[in-house]
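**Q** One structure, pasted below without further comment.
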Amino acid sequence: MKISRRRFLISTAASAATVTVLAGSKASAQTESGSSAVAANAGAGKPLPSWNDGSARKAIIDFVQATTIQGGPQFVPPEERIATFDQDGTLWVEKPMYSQVMYCLHRVGILAREKPELKDKEPFKTVLSGDREAIAKLSMKDLEAILMATLTGMTTGQFQTEVNQWLGEAKNHRWNRPYPDVTYQPMQEVLQYLRANGYKTYIVTGGGQDFVRVYAEQTYGIPPEQVVGTMGGVSYGYDKEGKPILTKEPKLLLNDDHAGKPEGIHMMIGRRPYAAFGNSVGDRQMLEYTKAGDGARLAMLVLHDDATREYAYGPAQGLPDSKVGTFTQELYDQAHKEGWTVISMKNDWKRIFPFDA
């Protein structure tokens, strides 16, 4: 199964690689709409309260007003109001490494307990050693073996249970909080604002579709059927008691990254979005596809330029280069040429996370 983005990015995870479960508290309670208690009250009064006044905030509000005023020249019927969001780096933190990669590395330890023979078999032996330099040197074939072993071979129900358990225990090491806590408060407000005005919000991610569907509703208020991601195959069968089950297979159905995003949108949603949000070169085609439609369209990219409150990486605008969430100068220039809005995390957001004071 080829997973273009994640398979080579594991080799850059030397600074983050760990194979032990990070014990911690359960993810903070979420409201029925999927946002934290802080976010639940954010929509009261002034729209997008965690945003500074500026062109980015204005672009969102102007777009919503233009497309929802009955009888207006840019009115969009409710059934056509579709907004798509990349996840990693757009809705929550993707540094130092994608959460799903961290999950896969963690799963190697569990697999080794279930199958002791893996402890002396590469590449699992290298991962279990905890030697970050050695892990960074693993070959593409080795990395694919890790993904195959940790993401397939179990029933869909087992996978959901294991991901839920990991999310309840593992923490982002910088903030020492469960991964669902390190979502971006300003983007949570955009999700709520759009839904309050009749838009359906979808996640369109290069991450594994089954992985994201486990927590998307609780974390973002986005139900599983509104998550489009990299899809692996499943096979139908029966368990020992004769109950029908689906087993995850090592077969790629859709690589939902780059051009795969508009392809996935067509296959899974069936409508061109009116608004699309991303943060990297992997989102370019989704924004192009969105803006190519008629009428008012909104395309936005989050630029990580706040090293103090989050991270700073690009390499657009002279920011440090990054293989995780790459935002090139070429993409930055294209955004300005084609009328996309670049969101400066440093300048446009009053706060980053729901737990910020």
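Residue numbering restarts at 1 for every chain of the structure tokens, chains are lettered A, B, ... in their displayed order, and ligands are numbered from 1 as they appear.
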Could you name the residues that touch A:Pro123 at 10 Å or less, counting only C-alpha atoms, but leaving out those on the same chain fewer than 5 positions away, as a ChimeraX atom specification?
**A** /A:108,118,128,134-135,138-139,141-146
**Q** Running DSSP on the backbone, which parts of stretch 64-218 of chain A land in strand (DSSP E or B), as a list in words?
**A** Ile82, Ala83, Thr84, Phe85, Asp88, Trp92, Thr155, Lys171, Asn172, Arg177, Pro178, Thr183, Lys200, Thr201, Tyr202, Ile203, Val204, Thr205, Gly206, Gly207 and Gly208 of chain A
**Q** Find, counting only C-alpha atoms, the residue in A:Leu252, A:Val227, A:Ile352, A:Met268 that gets nearest to A:Leu147.
**A**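 For A:Leu147, the nearest of the given residues is A:Leu252.
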**Q** Nearest residue to A:Lys350 out of A:Glu133, A:Asp306, A:Asp283, A:Glu169, using only C-alpha atoms?
**A**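 Closest to A:Lys350 of all the choices is A:Asp306.
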**Q** So which one's closest to A:Tyr215, A:Glu189, A:Glu80, A:Glu263, A:Glu162? Using only C-alpha atoms, please.
**A**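 Of all the options, A:Glu162 lies closest to A:Tyr215.
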**Q** Just checking: using only C-alpha atoms, which residue out of A:Glu310, A:Asp321, A:Glu249, A:Asp239 ends up closest to A:Ala149?
**A**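 For A:Ala149, the nearest of the given residues is A:Glu249.
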**Q** Given the choices A:Met267, A:Ala307, A:Ala316, A:Val212, which gets closest to A:Tyr98 if the distance is worked out from only C-alpha atoms?
**A** A:Val212
**Q** Would you kindly return, as a list of chain:residue names, each protein, DNA or RNA residue with an atom no farther than 6 Å from any atom of A:Asp348, considering only C-alpha atoms and excluding same-chain residues fewer than 4 positions away?
**A**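 Using only C-alpha atoms, the neighbours found are A:Trp51, A:Asn52, A:Ser344.
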**Q** For each of A:Met154, A:Ala292, A:Ala259, A:Met140, take the minimum atom-to-atom distance to A:Gly233, counting only C-alpha atoms, then give the residue where this is smallest.
**A**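 Under the stated criterion, the closest residue is A:Met154.
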**Q** Please indicate the distance in Å from atom CA of A:Trp166 to atom CA of A:Thr152, rounded to one decimal place.
**A**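 Computing it gives 16.4 Å between the two atoms.
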**Q** I need the residues in stretch 35-167 of chain A that are helix (DSSP H, G or I) according to DSSP; give them as a PyMOL selection string.
**A** chain A and resi 37-40+55-68+78-80+99-114+116-120+124-129+132-136+140-151+156-167
**Q** Just the selected residues (C-alpha atoms), exported as an mmCIF file, in the first residue's frame, please.
**A**
data_model
loop_
_atom_site.group_PDB
_atom_site.id
_atom_site.type_symbol
_atom_site.label_atom_id
_atom_site.label_comp_id
_atom_site.auth_asym_id
_atom_site.auth_seq_id
_atom_site.Cartn_x
_atom_site.Cartn_y
_atom_site.Cartn_z
ATOM 1 C CA ALA A 37 -16.289 24.040 26.319
ATOM 2 C CA VAL A 38 -14.356 27.204 25.544
ATOM 3 C CA ALA A 39 -15.131 26.907 21.865
ATOM 4 C CA ALA A 40 -18.786 26.169 22.571
ATOM 5 C CA SER A 55 -8.330 40.875 5.732
ATOM 6 C CA ALA A 56 -8.523 37.176 6.662
ATOM 7 C CA ARG A 57 -11.375 37.534 9.137
ATOM 8 C CA LYS A 58 -13.148 39.943 6.783
ATOM 9 C CA ALA A 59 -12.826 37.499 3.882
ATOM 10 C CA ILE A 60 -14.621 34.770 5.845
ATOM 11 C CA ILE A 61 -17.440 37.018 7.047
ATOM 12 C CA ASP A 62 -17.906 38.675 3.646
ATOM 13 C CA PHE A 63 -18.050 35.275 1.948
ATOM 14 C CA VAL A 64 -20.657 33.913 4.352
ATOM 15 C CA GLN A 65 -22.792 37.029 4.079
ATOM 16 C CA ALA A 66 -22.604 37.085 0.274
ATOM 17 C CA THR A 67 -23.557 33.438 -0.124
ATOM 18 C CA THR A 68 -26.365 33.270 2.435
ATOM 19 C CA PRO A 78 -28.357 25.471 1.323
ATOM 20 C CA GLU A 79 -27.923 22.071 -0.321
ATOM 21 C CA GLU A 80 -24.871 23.371 -2.220
ATOM 22 C CA SER A 99 -0.362 12.208 14.886
ATOM 23 C CA GLN A 100 -1.033 9.108 12.803
ATOM 24 C CA VAL A 101 2.690 8.490 12.360
ATOM 25 C CA MET A 102 3.110 8.730 16.132
ATOM 26 C CA TYR A 103 0.296 6.219 16.481
ATOM 27 C CA CYS A 104 2.007 3.795 14.077
ATOM 28 C CA LEU A 105 5.304 4.011 15.969
ATOM 29 C CA HIS A 106 3.461 3.423 19.224
ATOM 30 C CA ARG A 107 1.681 0.403 17.734
ATOM 31 C CA VAL A 108 4.985 -1.335 16.988
ATOM 32 C CA GLY A 109 5.510 -1.836 20.710
ATOM 33 C CA ILE A 110 2.082 -3.400 21.122
ATOM 34 C CA LEU A 111 2.559 -5.653 18.107
ATOM 35 C CA ALA A 112 5.876 -6.860 19.504
ATOM 36 C CA ARG A 113 4.143 -7.932 22.726
ATOM 37 C CA GLU A 114 1.530 -9.798 20.710
ATOM 38 C CA PRO A 116 7.450 -11.607 20.219
ATOM 39 C CA GLU A 117 9.225 -12.731 17.059
ATOM 40 C CA LEU A 118 9.057 -9.137 15.781
ATOM 41 C CA LYS A 119 11.515 -8.007 18.447
ATOM 42 C CA ASP A 120 14.355 -9.551 16.463
ATOM 43 C CA PHE A 124 10.559 -3.467 14.064
ATOM 44 C CA LYS A 125 13.743 -4.153 15.986
ATOM 45 C CA THR A 126 15.075 -0.705 15.055
ATOM 46 C CA VAL A 127 11.879 1.061 16.102
ATOM 47 C CA LEU A 128 11.809 -0.813 19.407
ATOM 48 C CA SER A 129 15.395 0.187 20.096
ATOM 49 C CA ARG A 132 16.298 7.956 16.710
ATOM 50 C CA GLU A 133 19.193 8.150 14.300
ATOM 51 C CA ALA A 134 18.625 4.558 13.209
ATOM 52 C CA ILE A 135 14.883 5.114 12.839
ATOM 53 C CA ALA A 136 15.564 8.127 10.623
ATOM 54 C CA MET A 140 11.082 3.135 2.182
ATOM 55 C CA LYS A 141 10.516 -0.619 2.198
ATOM 56 C CA ASP A 142 11.014 -0.681 5.967
ATOM 57 C CA LEU A 143 8.597 2.184 6.510
ATOM 58 C CA GLU A 144 5.938 0.542 4.369
ATOM 59 C CA ALA A 145 6.305 -2.613 6.467
ATOM 60 C CA ILE A 146 5.630 -0.578 9.628
ATOM 61 C CA LEU A 147 2.511 0.984 8.134
ATOM 62 C CA MET A 148 1.243 -2.348 6.842
ATOM 63 C CA ALA A 149 1.684 -4.004 10.204
ATOM 64 C CA THR A 150 0.122 -1.241 12.289
ATOM 65 C CA LEU A 151 -2.794 -0.129 10.087
ATOM 66 C CA THR A 156 -12.547 -2.062 11.668
ATOM 67 C CA GLY A 157 -14.053 -2.329 15.153
ATOM 68 C CA GLN A 158 -10.718 -3.345 16.678
ATOM 69 C CA PHE A 159 -8.984 -0.483 14.910
ATOM 70 C CA GLN A 160 -11.482 2.057 16.231
ATOM 71 C CA THR A 161 -11.068 0.743 19.771
ATOM 72 C CA GLU A 162 -7.264 0.890 19.584
ATOM 73 C CA VAL A 163 -7.195 4.423 18.157
ATOM 74 C CA ASN A 164 -9.659 5.607 20.808
ATOM 75 C CA GLN A 165 -7.496 4.142 23.544
ATOM 76 C CA TRP A 166 -4.358 5.769 22.155
ATOM 77 C CA LEU A 167 -6.038 9.165 21.847
#
**Q** Could you name the residues that touch A:Lys261 at 7 Å or less, counting only C-alpha atoms, but leaving out those on the same chain fewer than 5 positions away, as a list in words?
**A** Val204, Asp256 and Met286 of chain A
**Q** Please produce a file of the residues just selected, as a short mmCIF file (atom, residue, chain, number, x, y, z; two decimals), in the first residue's frame, where the atoms kept are all heavy atoms.
**A**
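Okay, this is what ended up in result-v6.cif:
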data_model
loop_
_atom_site.label_atom_id
_atom_site.label_comp_id
_atom_site.auth_asym_id
_atom_site.auth_seq_id
_atom_site.Cartn_x
_atom_site.Cartn_y
_atom_site.Cartn_z
N VAL A 204 -11.06 16.89 4.51
CA VAL A 204 -10.46 16.24 3.35
C VAL A 204 -8.97 16.18 3.62
O VAL A 204 -8.27 17.18 3.52
CB VAL A 204 -10.78 17.00 2.05
CG1 VAL A 204 -10.13 16.30 0.86
CG2 VAL A 204 -12.29 17.10 1.84
N ASP A 256 -5.46 10.36 -0.70
CA ASP A 256 -6.19 11.63 -0.65
C ASP A 256 -5.25 12.80 -0.33
O ASP A 256 -5.39 13.47 0.69
CB ASP A 256 -7.30 11.54 0.40
CG ASP A 256 -8.34 12.65 0.23
OD1 ASP A 256 -8.94 12.72 -0.85
OD2 ASP A 256 -8.53 13.43 1.18
N MET A 286 -6.89 21.11 -4.18
CA MET A 286 -8.22 21.28 -3.59
C MET A 286 -8.66 22.74 -3.67
O MET A 286 -9.82 23.04 -3.97
CB MET A 286 -8.23 20.81 -2.13
CG MET A 286 -9.57 20.98 -1.44
SD MET A 286 -9.65 20.21 0.20
CE MET A 286 -8.57 21.30 1.16
#
**Q** What does the structure give for the distance between atom CA of A:Ala335 and atom CA of A:Gly278, in Å to one decimal?
**A** 11.4 Å
